[in-house]
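Shown below: my_file.cif, with mmCIF, C-alpha atoms.
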```
data_work
loop_
_atom_site.label_atom_id
_atom_site.label_comp_id
_atom_site.auth_asym_id
_atom_site.auth_seq_id
_atom_site.Cartn_x
_atom_site.Cartn_y
_atom_site.Cartn_z
CA THR R 1 129.42 124.07 123.39
CA HIS R 2 130.04 123.85 119.66
CA PHE R 3 130.27 120.48 117.97
CA ALA R 4 132.13 119.66 114.79
CA LEU R 5 129.98 119.23 111.67
CA ALA R 6 130.63 115.49 111.61
CA ASP R 7 129.41 115.18 115.19
CA ARG R 8 126.31 117.27 114.51
CA ASN R 9 125.50 115.16 111.45
CA TYR R 10 125.98 111.95 113.41
CA GLY R 11 123.60 113.16 116.09
CA SER R 12 121.04 114.32 113.53
CA VAL R 13 121.14 110.97 111.72
CA ARG R 14 120.62 109.05 114.95
CA VAL R 15 117.67 111.25 115.86
CA ALA R 16 116.09 110.67 112.43
CA TYR R 17 116.81 106.94 112.57
CA HIS R 18 115.26 106.43 116.01
CA ALA R 19 112.33 108.64 115.08
CA ALA R 20 111.74 106.44 112.02
CA ARG R 21 111.85 103.27 114.13
CA GLN R 22 109.35 104.87 116.50
CA LEU R 23 107.13 105.73 113.51
CA ASN R 24 107.39 109.45 114.17
CA PRO R 25 105.73 111.35 111.28
CA GLN R 26 108.60 113.88 111.27
CA ALA R 27 111.31 111.29 110.59
CA ASN R 28 111.21 111.67 106.81
CA LEU R 29 111.64 115.44 107.06
CA TRP R 30 114.65 114.99 109.33
CA PHE R 31 116.24 112.50 106.94
CA ARG R 32 115.57 114.91 104.07
CA GLU R 33 117.69 117.56 105.83
CA LEU R 34 120.70 115.19 105.63
CA PRO R 35 120.93 114.32 101.91
CA HIS R 36 124.72 113.95 101.72
CA VAL R 37 125.44 112.34 105.08
CA ALA R 38 126.70 108.74 104.96
CA LEU R 39 124.26 106.27 106.53
CA THR R 40 124.69 102.72 107.77
CA PRO R 41 122.68 100.03 105.91
CA ASP R 42 120.10 99.93 108.70
CA GLU R 43 119.78 103.72 108.70
CA GLN R 44 119.37 103.68 104.92
CA ALA R 45 116.59 101.11 105.14
CA TRP R 46 114.76 103.18 107.74
CA ARG R 47 115.19 106.27 105.60
CA VAL R 48 113.15 104.44 102.95
CA ARG R 49 110.58 103.30 105.49
CA ALA R 50 110.19 106.81 106.91
CA ALA R 51 109.47 108.09 103.40
CA LEU R 52 106.97 105.29 102.82
CA ARG R 53 105.19 106.05 106.07
CA ALA R 54 105.00 109.72 105.04
CA GLY R 55 103.73 108.87 101.55
CA ALA R 56 106.65 110.85 100.08
CA TRP R 57 107.24 108.84 96.89
CA HIS R 58 109.99 111.11 95.54
CA ASP R 59 111.91 110.52 98.77
CA VAL R 60 111.21 106.78 98.58
CA LYS R 61 112.80 106.61 95.14
CA ALA R 62 115.77 108.78 96.14
CA ALA R 63 116.39 106.78 99.30
CA ILE R 64 116.31 103.45 97.47
CA GLU R 65 118.64 104.75 94.76
CA ALA R 66 121.08 105.80 97.50
CA LEU R 67 121.32 102.23 98.77
CA PRO R 68 124.35 100.13 97.82
CA ALA R 69 123.89 98.58 94.37
CA ALA R 70 123.59 95.06 95.76
CA ASP R 71 120.89 96.11 98.24
CA GLN R 72 118.89 97.81 95.51
CA GLN R 73 118.48 94.41 93.84
CA GLU R 74 116.71 92.90 96.82
CA PRO R 75 113.01 92.18 96.04
CA VAL R 76 111.81 94.52 98.80
CA TRP R 77 113.54 97.56 97.36
CA ARG R 78 112.85 96.65 93.73
CA TYR R 79 109.14 96.44 94.54
CA TRP R 80 109.02 99.75 96.40
CA ARG R 81 111.10 101.48 93.74
CA ALA R 82 108.56 100.28 91.18
CA ARG R 83 105.75 101.67 93.34
CA ALA R 84 107.56 105.01 93.57
CA LEU R 85 108.11 105.07 89.80
CA ALA R 86 104.46 104.27 89.17
CA MET R 87 103.48 107.23 91.35
CA GLN R 88 105.78 109.57 89.38
CA ASN R 89 104.91 108.91 85.73
CA GLY R 90 107.30 105.99 85.44
CA ALA R 91 104.68 103.36 84.66
CA ASP R 92 106.66 101.55 81.96
CA GLU R 93 109.77 101.13 84.09
CA ALA R 94 107.61 100.13 87.04
CA SER R 95 105.86 97.46 84.96
CA ALA R 96 109.20 96.01 83.90
CA ILE R 97 110.25 95.69 87.54
CA TYR R 98 106.92 94.15 88.51
CA ALA R 99 107.27 91.62 85.68
CA SER R 100 110.74 90.63 86.92
CA LEU R 101 109.30 89.92 90.39
CA ALA R 102 105.96 88.39 89.48
CA GLY R 103 107.12 84.84 88.75
CA SER R 104 107.63 84.08 92.43
CA ALA R 105 105.30 82.90 95.19
CA SER R 106 107.05 85.30 97.58
CA TYR R 107 105.35 88.25 99.24
CA TYR R 108 106.76 90.77 96.76
CA GLY R 109 106.26 88.44 93.82
CA LEU R 110 102.58 88.17 94.69
CA LEU R 111 102.21 91.93 95.21
CA ALA R 112 103.97 92.56 91.89
CA ALA R 113 101.64 90.16 90.10
CA GLU R 114 98.65 92.06 91.45
CA ALA R 115 100.19 95.37 90.40
CA LEU R 116 100.23 93.95 86.86
CA GLY R 117 96.60 92.92 87.16
CA ARG R 118 97.32 89.21 87.46
CA PRO R 119 95.76 86.94 90.10
CA ALA R 120 98.44 86.45 92.76
CA THR R 121 98.14 82.68 93.18
CA LEU R 122 100.37 79.68 92.88
CA SER R 123 99.23 79.31 89.28
CA VAL R 124 101.78 81.97 88.34
CA VAL R 125 104.60 79.70 89.49
CA ALA R 126 105.75 76.53 87.71
CA SER R 127 105.29 73.42 89.87
CA ASN R 128 106.92 70.28 88.50
CA PRO R 129 106.45 67.40 90.96
CA LEU R 130 108.43 64.18 90.76
CA ALA R 131 106.55 61.05 89.74
CA ASN R 132 106.07 58.69 92.69
CA ASP R 133 108.59 55.82 92.73
CA ASP R 134 107.85 53.48 95.62
CA ALA R 135 110.99 51.43 95.05
CA ALA R 136 113.21 54.51 95.13
CA LEU R 137 111.43 55.79 98.25
CA ALA R 138 111.93 52.44 99.99
CA ALA R 139 115.61 52.40 99.07
CA PHE R 140 116.05 55.93 100.40
CA GLY R 141 114.36 54.97 103.65
CA LYS R 142 116.78 52.09 104.18
CA ARG R 143 119.79 54.38 104.26
CA ALA R 144 121.42 54.33 107.68
CA ASP R 145 121.42 58.13 108.06
CA VAL R 146 117.76 58.37 107.10
CA THR R 147 116.83 55.53 109.44
CA ARG R 148 118.65 57.31 112.27
CA ALA R 149 116.88 60.60 111.52
CA VAL R 150 113.45 58.97 111.65
CA LYS R 151 114.22 56.97 114.78
CA LEU R 152 115.60 60.01 116.60
CA ALA R 153 112.40 61.91 115.75
CA GLN R 154 110.34 59.05 117.18
CA LEU R 155 112.39 59.26 120.37
CA ASP R 156 111.69 63.03 120.66
CA ALA R 157 115.36 63.83 119.98
CA ARG R 158 114.33 66.60 117.62
CA LEU R 159 117.58 68.51 117.24
CA GLU R 160 119.60 65.36 116.71
CA SER R 161 117.08 64.15 114.12
CA ILE R 162 117.27 67.45 112.26
CA ARG R 163 121.07 67.35 112.17
CA GLU R 164 121.02 63.79 110.86
CA TRP R 165 118.45 64.60 108.20
CA ASN R 166 120.18 67.76 107.04
CA GLN R 167 123.42 65.87 106.62
CA ALA R 168 121.60 63.14 104.69
CA VAL R 169 120.21 65.53 102.07
CA ARG R 170 123.28 67.74 101.74
CA GLY R 171 124.52 68.06 98.16
CA MET R 172 121.48 66.41 96.55
CA ASN R 173 120.19 67.46 93.14
CA ASP R 174 116.60 68.58 92.67
CA ASP R 175 115.14 65.16 91.88
CA ALA R 176 116.84 63.58 94.88
CA LEU R 177 115.62 66.41 97.12
CA LEU R 178 112.03 65.95 95.98
CA LEU R 179 112.26 62.21 96.58
CA ALA R 180 113.63 62.84 100.07
CA ALA R 181 110.91 65.44 100.76
CA GLU R 182 108.20 62.97 99.75
CA TYR R 183 109.74 60.33 102.02
CA ALA R 184 109.75 62.82 104.92
CA ARG R 185 106.10 63.65 104.22
CA ARG R 186 105.11 59.99 104.32
CA ALA R 187 107.12 59.51 107.52
CA GLY R 188 105.28 62.42 109.17
CA LEU R 189 108.40 64.58 109.30
CA TYR R 190 106.54 67.52 107.84
CA ASP R 191 109.09 70.15 108.82
CA ARG R 192 111.87 68.18 107.11
CA ALA R 193 109.70 67.68 104.04
CA ILE R 194 109.18 71.43 103.69
CA TYR R 195 112.83 72.24 104.40
CA THR R 196 114.00 69.72 101.81
CA ALA R 197 111.51 70.72 99.11
CA GLU R 198 112.52 74.37 99.53
CA ARG R 199 116.15 73.55 98.69
CA THR R 200 115.50 72.75 95.03
CA ALA R 201 117.10 75.10 92.51
CA ALA R 202 115.09 74.60 89.31
CA ARG R 203 112.50 71.88 89.77
CA HIS R 204 109.91 72.74 92.40
CA ASP R 205 106.95 70.93 93.95
CA TYR R 206 104.74 73.42 95.76
CA SER R 207 102.53 70.67 97.19
CA LEU R 208 105.58 69.61 99.23
CA ARG R 209 106.70 73.13 100.05
CA TYR R 210 103.18 73.94 101.26
CA LEU R 211 101.96 70.75 102.88
CA THR R 212 98.39 70.45 104.15
CA PRO R 213 98.47 67.86 106.94
CA PHE R 214 95.79 67.63 109.63
CA ARG R 215 93.07 68.67 107.21
CA ALA R 216 90.20 67.64 109.47
CA GLU R 217 91.55 69.55 112.48
CA PHE R 218 92.36 72.73 110.55
CA GLY R 219 89.04 72.60 108.71
CA ASN R 220 87.06 72.16 111.93
CA ALA R 221 88.96 74.94 113.70
CA ALA R 222 88.42 77.32 110.77
CA ARG R 223 84.68 76.64 110.63
CA GLU R 224 84.11 76.74 114.39
CA GLN R 225 86.02 79.97 114.92
CA GLY R 226 85.10 81.72 111.67
CA VAL R 227 88.66 82.02 110.36
CA ASP R 228 89.87 81.44 106.81
CA GLU R 229 91.43 77.98 106.69
CA GLU R 230 94.23 79.24 104.48
CA LEU R 231 95.20 81.74 107.18
CA LEU R 232 95.48 79.02 109.81
CA TYR R 233 97.67 76.98 107.50
CA GLY R 234 99.73 80.07 106.74
CA ILE R 235 100.33 80.68 110.44
CA ALA R 236 101.08 77.06 111.31
CA ARG R 237 103.54 76.69 108.45
CA GLN R 238 105.44 79.69 109.74
CA GLU R 239 105.15 78.83 113.42
CA SER R 240 105.92 75.11 113.47
CA ARG R 241 106.30 73.69 109.95
CA PHE R 242 103.57 71.29 111.19
CA ALA R 243 105.71 69.65 113.87
CA ALA R 244 102.85 68.94 116.26
CA ASP R 245 104.92 68.35 119.38
CA ILE R 246 107.43 71.17 118.97
CA VAL R 247 108.19 73.41 121.96
CA SER R 248 110.02 76.69 121.37
CA SER R 249 112.80 78.07 123.55
CA ALA R 250 110.22 80.51 124.97
CA GLY R 251 107.83 77.66 125.84
CA ALA R 252 105.33 77.97 122.99
CA VAL R 253 103.78 74.61 122.15
CA GLY R 254 102.42 72.78 119.13
CA LEU R 255 101.30 73.54 115.60
CA MET R 256 100.09 77.04 116.42
CA GLN R 257 102.85 77.70 119.00
CA LEU R 258 100.63 78.60 121.93
CA MET R 259 102.14 79.95 125.12
CA PRO R 260 100.75 78.18 128.22
CA GLY R 261 99.24 81.42 129.53
CA THR R 262 97.50 82.09 126.22
CA ALA R 263 96.16 78.54 126.07
CA ARG R 264 94.83 78.84 129.62
CA TRP R 265 93.09 82.12 128.76
CA VAL R 266 91.55 80.67 125.58
CA ALA R 267 90.35 77.60 127.51
CA LYS R 268 88.43 79.92 129.82
CA GLN R 269 86.91 81.85 126.92
CA LEU R 270 85.78 78.60 125.28
CA THR R 271 84.76 77.06 128.63
CA VAL R 272 86.83 73.93 128.05
CA ALA R 273 86.17 72.25 131.39
CA ASP R 274 88.67 69.41 131.02
CA TYR R 275 91.57 71.57 129.85
CA SER R 276 95.02 70.93 131.31
CA PRO R 277 98.47 72.17 130.18
CA SER R 278 99.41 68.62 129.20
CA ARG R 279 96.87 68.84 126.35
CA ILE R 280 98.28 71.95 124.64
CA ALA R 281 100.07 69.95 121.94
CA ASN R 282 96.91 67.99 121.07
CA VAL R 283 96.34 68.82 117.40
CA ASP R 284 92.58 69.29 117.68
CA LEU R 285 92.84 71.56 120.72
CA ASN R 286 95.92 73.42 119.50
CA THR R 287 94.40 74.36 116.15
CA LYS R 288 91.10 75.36 117.78
CA PHE R 289 92.80 77.52 120.42
CA GLY R 290 95.13 79.10 117.87
CA ALA R 291 92.20 79.90 115.58
CA PHE R 292 90.24 81.46 118.43
CA TYR R 293 93.17 83.61 119.55
CA PHE R 294 93.94 84.80 116.03
CA LYS R 295 90.27 85.58 115.34
CA TYR R 296 89.92 87.37 118.67
CA TRP R 297 92.56 89.91 117.68
CA GLN R 298 91.57 90.09 114.04
CA ASP R 299 88.10 91.18 115.18
CA ARG R 300 89.65 93.88 117.39
CA LEU R 301 92.24 95.10 114.91
CA GLY R 302 90.09 96.21 112.01
CA GLN R 303 89.46 92.71 110.58
CA LEU R 304 92.95 92.87 109.07
CA PRO R 305 94.94 89.63 109.06
CA ALA R 306 98.24 91.52 108.85
CA LEU R 307 97.57 93.25 112.17
CA ALA R 308 96.31 90.03 113.72
CA ALA R 309 99.43 88.19 112.54
CA ALA R 310 101.60 90.92 114.06
CA ALA R 311 99.63 90.60 117.31
CA TYR R 312 100.07 86.81 117.22
CA ASN R 313 103.84 87.22 116.88
CA ALA R 314 104.72 90.31 118.89
CA GLY R 315 101.70 90.89 121.11
CA PRO R 316 98.50 92.87 120.55
CA SER R 317 99.65 96.02 122.34
CA ARG R 318 102.58 96.36 119.95
CA ALA R 319 100.45 95.72 116.88
CA GLN R 320 98.07 98.38 118.13
CA SER R 321 100.83 100.90 118.85
CA TRP R 322 102.23 100.54 115.31
CA ARG R 323 98.98 101.83 113.76
CA PRO R 324 99.04 105.48 112.69
CA ALA R 325 98.06 108.06 115.29
CA THR R 326 95.99 109.91 112.68
CA GLY R 327 94.91 109.21 109.13
CA SER R 328 94.93 105.87 107.37
CA LEU R 329 97.80 103.87 105.96
CA GLU R 330 98.02 101.38 103.11
CA GLY R 331 98.38 97.89 104.58
CA ALA R 332 101.54 97.06 102.62
CA ILE R 333 103.21 100.23 103.93
CA TRP R 334 102.11 99.40 107.47
CA VAL R 335 103.73 95.96 107.18
CA GLU R 336 106.92 97.43 105.69
CA THR R 337 107.28 99.81 108.63
CA ILE R 338 106.83 97.30 111.45
CA PRO R 339 109.75 98.18 113.76
CA PHE R 340 110.65 94.58 114.68
CA ASN R 341 112.57 92.78 111.92
CA GLU R 342 111.32 89.37 113.05
CA THR R 343 107.68 90.45 113.14
CA ARG R 344 107.90 92.27 109.81
CA ASP R 345 109.30 89.15 108.16
CA TYR R 346 106.77 86.94 109.98
CA VAL R 347 103.75 88.91 108.75
CA LYS R 348 105.00 88.88 105.16
CA ARG R 349 105.59 85.14 105.24
CA VAL R 350 102.24 84.37 106.85
CA LEU R 351 100.39 86.40 104.21
CA ALA R 352 102.38 84.91 101.31
CA ASN R 353 101.74 81.43 102.75
CA THR R 354 98.05 82.29 102.98
CA MET R 355 97.86 83.17 99.29
CA VAL R 356 99.48 79.88 98.27
CA TYR R 357 97.25 77.89 100.60
CA ALA R 358 94.14 79.60 99.26
CA HIS R 359 95.08 78.21 95.85
CA ALA R 360 96.05 74.78 97.20
CA LEU R 361 92.79 74.43 99.15
CA ASP R 362 90.68 75.77 96.27
CA ARG R 363 89.42 78.57 98.47
CA PRO R 364 87.71 81.69 97.10
CA TYR R 365 90.26 84.10 95.66
CA VAL R 366 91.00 87.15 97.80
CA GLY R 367 93.88 89.30 96.58
CA LEU R 368 96.88 89.98 98.77
CA THR R 369 96.35 93.72 98.42
CA LYS R 370 92.79 93.29 99.67
CA ARG R 371 93.93 91.12 102.56
CA LEU R 372 96.43 93.83 103.53
CA GLY R 373 93.66 96.41 103.39
CA THR R 374 93.89 99.88 104.92
CA VAL R 375 95.10 100.39 108.47
CA THR R 376 93.08 102.95 110.37
CA PRO R 377 94.28 105.01 113.36
CA ARG R 378 94.93 103.24 116.62
CA ASP R 379 92.16 102.82 119.16
CA ALA R 380 93.33 103.12 122.76
CA ALA R 381 90.55 100.81 123.97
CA VAL R 382 91.95 97.88 121.99
CA ALA R 383 95.24 97.83 123.88
CA THR R 384 93.40 97.21 127.14
CA ALA R 385 91.05 94.50 125.91
CA GLY R 386 92.36 92.07 128.55
CA ALA R 387 93.65 89.14 126.48
CA PRO R 388 97.30 88.05 126.71
#
```
Just give me the structure as structure tokens.
Amino acid sequence: THFALADRNYGSVRVAYHAARQLNPQANLWFRELPHVALTPDEQAWRVRAALRAGAWHDVKAAIEALPAADQQEPVWRYWRARALAMQNGADEASAIYASLAGSASYYGLLAAEALGRPATLSVVASNPLANDDAALAAFGKRADVTRAVKLAQLDARLESIREWNQAVRGMNDDALLLAAEYARRAGLYDRAIYTAERTAARHDYSLRYLTPFRAEFGNAAREQGVDEELLYGIARQESRFAADIVSSAGAVGLMQLMPGTARWVAKQLTVADYSPSRIANVDLNTKFGAFYFKYWQDRLGQLPALAAAAYNAGPSRAQSWRPATGSLEGAIWVETIPFNETRDYVKRVLANTMVYAHALDRPYVGLTKRLGTVTPRDAAVATAGAP
């Protein structure tokens, strides 16, 4: 049977696309055979990722430049275009792109700062906190909508509280948002404090965007389990925004969002004799169990926090299967080619959070590029290590 050219091209594109998503080393070659075939946005993105995975920088640049103009301006593709330029004698243009990204505490802003030889810490970002005004905070707290939001939170009506709070801060200017965020922090509504502080347009307070509640519990968990404290904060900020009693739709509980089965397994490893499911949300236990579980997989996945974060989010067998079959892979490329959109975004956010928290906690400086490291080939024994 003979197929029309359009049908053959469609089939070839879908083969290349699915091969790229399955991290097949041949995917970039198959995309290269289809230079003039129209691709969907998702196919275009995976064309770039296939080229990254293959280390084909000329193809990376060509694939990014084939994206729609608006997509090319996204930080992800600006950063990788700069990397491709730097690998092809385009150092000056690459530096200009890095400089345009480096003023941000985002994942790509931090990577760009390091590419320019700058320490990738919060010090590169302007933080301009609002002076405390107790009278203004008290007046804000007396508003009926704010009072309702706080009371609903106290009654465990979380969704209703969030709706009330979001409506209360809608349309506020930066100063009003920072005042509201500080009020939420003092009221223990840490997730609302972060959400509100992140809404500012020009005036930012990174101490509110990156809160550090429960210092004793996080510090103890980090020391006892041998995990960087900034990593635990980075995970908890992404998992729960420090809402200690939160339960996800899947049943994950607490600051570190532990599934009941995982918590039960960790309790056995740590021989916690008095453990019961009703204690999962306890801050001291939750941080300790989360730290143990993260460290367990970090130890088994090449001591790389990016792989451990992926395991924490998507499961260790998936994180293991995404490692290269042969050869080694730059950590940033490994992260960029994680097949699950949610997990890819999660790992980037956790690592960016970690860098900011390292600065906030005055921890020893470890660059993001170093934290990403080099991902070595998969080890079949790891996938059967027995932990959930």
Closest of R:Arg8, R:Arg199, R:Arg300, R:Arg163 to Val37 in chain R - atom-to-atom distances counting only C-alpha atoms: R:Arg8
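Selection around (92.0, 76.1, 116.5) with radius 6 Å, counting all atoms listed in the file, yields the residues Ala221, Asn286, Thr287, Lys288, Phe289, Gly290, Ala291 and Phe292 of chain R.
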Spatial neighbours of range 73-78 of chain R, max dist 10 Å, only C-alpha atoms, sep filter under 4 positions, as a list in words: Ala45, Val48, Val60, Lys61, Ala63, Ile64, Glu65, Leu67, Pro68, Ala69, Ala82, Arg83, Ala84, Ala94, Ile97, Tyr98, Ser100, Leu101, Ser106, Tyr107, Tyr108, Gly109, Ala112 and Glu336 of chain R
Selection above as a file: C-alpha atoms, as a PDB file, in the frame of the given file:
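Contents of the output file result-v3.pdb:
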```pdb
ATOM      1  CA  ALA R  45     116.590 101.110 105.140  1.00  0.00           C
ATOM      2  CA  VAL R  48     113.150 104.440 102.950  1.00  0.00           C
ATOM      3  CA  VAL R  60     111.210 106.780  98.580  1.00  0.00           C
ATOM      4  CA  LYS R  61     112.800 106.610  95.140  1.00  0.00           C
ATOM      5  CA  ALA R  63     116.390 106.780  99.300  1.00  0.00           C
ATOM      6  CA  ILE R  64     116.310 103.450  97.470  1.00  0.00           C
ATOM      7  CA  GLU R  65     118.640 104.750  94.760  1.00  0.00           C
ATOM      8  CA  LEU R  67     121.320 102.230  98.770  1.00  0.00           C
ATOM      9  CA  PRO R  68     124.350 100.130  97.820  1.00  0.00           C
ATOM     10  CA  ALA R  69     123.890  98.580  94.370  1.00  0.00           C
ATOM     11  CA  ALA R  82     108.560 100.280  91.180  1.00  0.00           C
ATOM     12  CA  ARG R  83     105.750 101.670  93.340  1.00  0.00           C
ATOM     13  CA  ALA R  84     107.560 105.010  93.570  1.00  0.00           C
ATOM     14  CA  ALA R  94     107.610 100.130  87.040  1.00  0.00           C
ATOM     15  CA  ILE R  97     110.250  95.690  87.540  1.00  0.00           C
ATOM     16  CA  TYR R  98     106.920  94.150  88.510  1.00  0.00           C
ATOM     17  CA  SER R 100     110.740  90.630  86.920  1.00  0.00           C
ATOM     18  CA  LEU R 101     109.300  89.920  90.390  1.00  0.00           C
ATOM     19  CA  SER R 106     107.050  85.300  97.580  1.00  0.00           C
ATOM     20  CA  TYR R 107     105.350  88.250  99.240  1.00  0.00           C
ATOM     21  CA  TYR R 108     106.760  90.770  96.760  1.00  0.00           C
ATOM     22  CA  GLY R 109     106.260  88.440  93.820  1.00  0.00           C
ATOM     23  CA  ALA R 112     103.970  92.560  91.890  1.00  0.00           C
ATOM     24  CA  GLU R 336     106.920  97.430 105.690  1.00  0.00           C
TER      25      GLU R 336
END
```
Hits from the PyMOL selection byres ((chain R and resi 186) around 12), listed as a ChimeraX atom specification: /R:132,134,137-138,141,150,179-185,187-193,208,211,213
Expected selection from the PyMOL selection byres ((chain R and resi 271-284) around 10), given as a count of residues only: 35
Within 8 Å of Val146 in chain R, counting all atoms listed in the file, which residues qualify if same-chain residues fewer than 3 places away don't, as an mmCIF file with C-alpha atoms, in the frame of the given file?
```
data_model
loop_
_atom_site.group_PDB
_atom_site.id
_atom_site.type_symbol
_atom_site.label_atom_id
_atom_site.label_comp_id
_atom_site.auth_asym_id
_atom_site.auth_seq_id
_atom_site.Cartn_x
_atom_site.Cartn_y
_atom_site.Cartn_z
ATOM 1 C CA PHE R 140 116.050 55.930 100.400
ATOM 2 C CA GLY R 141 114.360 54.970 103.650
ATOM 3 C CA LYS R 142 116.780 52.090 104.180
ATOM 4 C CA ARG R 143 119.790 54.380 104.260
ATOM 5 C CA ALA R 149 116.880 60.600 111.520
ATOM 6 C CA VAL R 150 113.450 58.970 111.650
ATOM 7 C CA GLU R 164 121.020 63.790 110.860
ATOM 8 C CA TRP R 165 118.450 64.600 108.200
ATOM 9 C CA ALA R 168 121.600 63.140 104.690
#
```
Evaluate the PyMOL selection byres ((chain R and resi 210) around 10) and report residues as a list in words: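 Listing what the PyMOL selection byres ((chain R and resi 210) around 10) selects in the shown file: Tyr190, Ala193, Ile194, Ala197, Glu198, Asp205, Tyr206, Ser207, Leu208, Arg209, Leu211, Thr212, Pro213, Tyr233, Gly234, Arg237, Arg241, Asn353, Thr354, Val356, Tyr357 and Ala360 of chain R.
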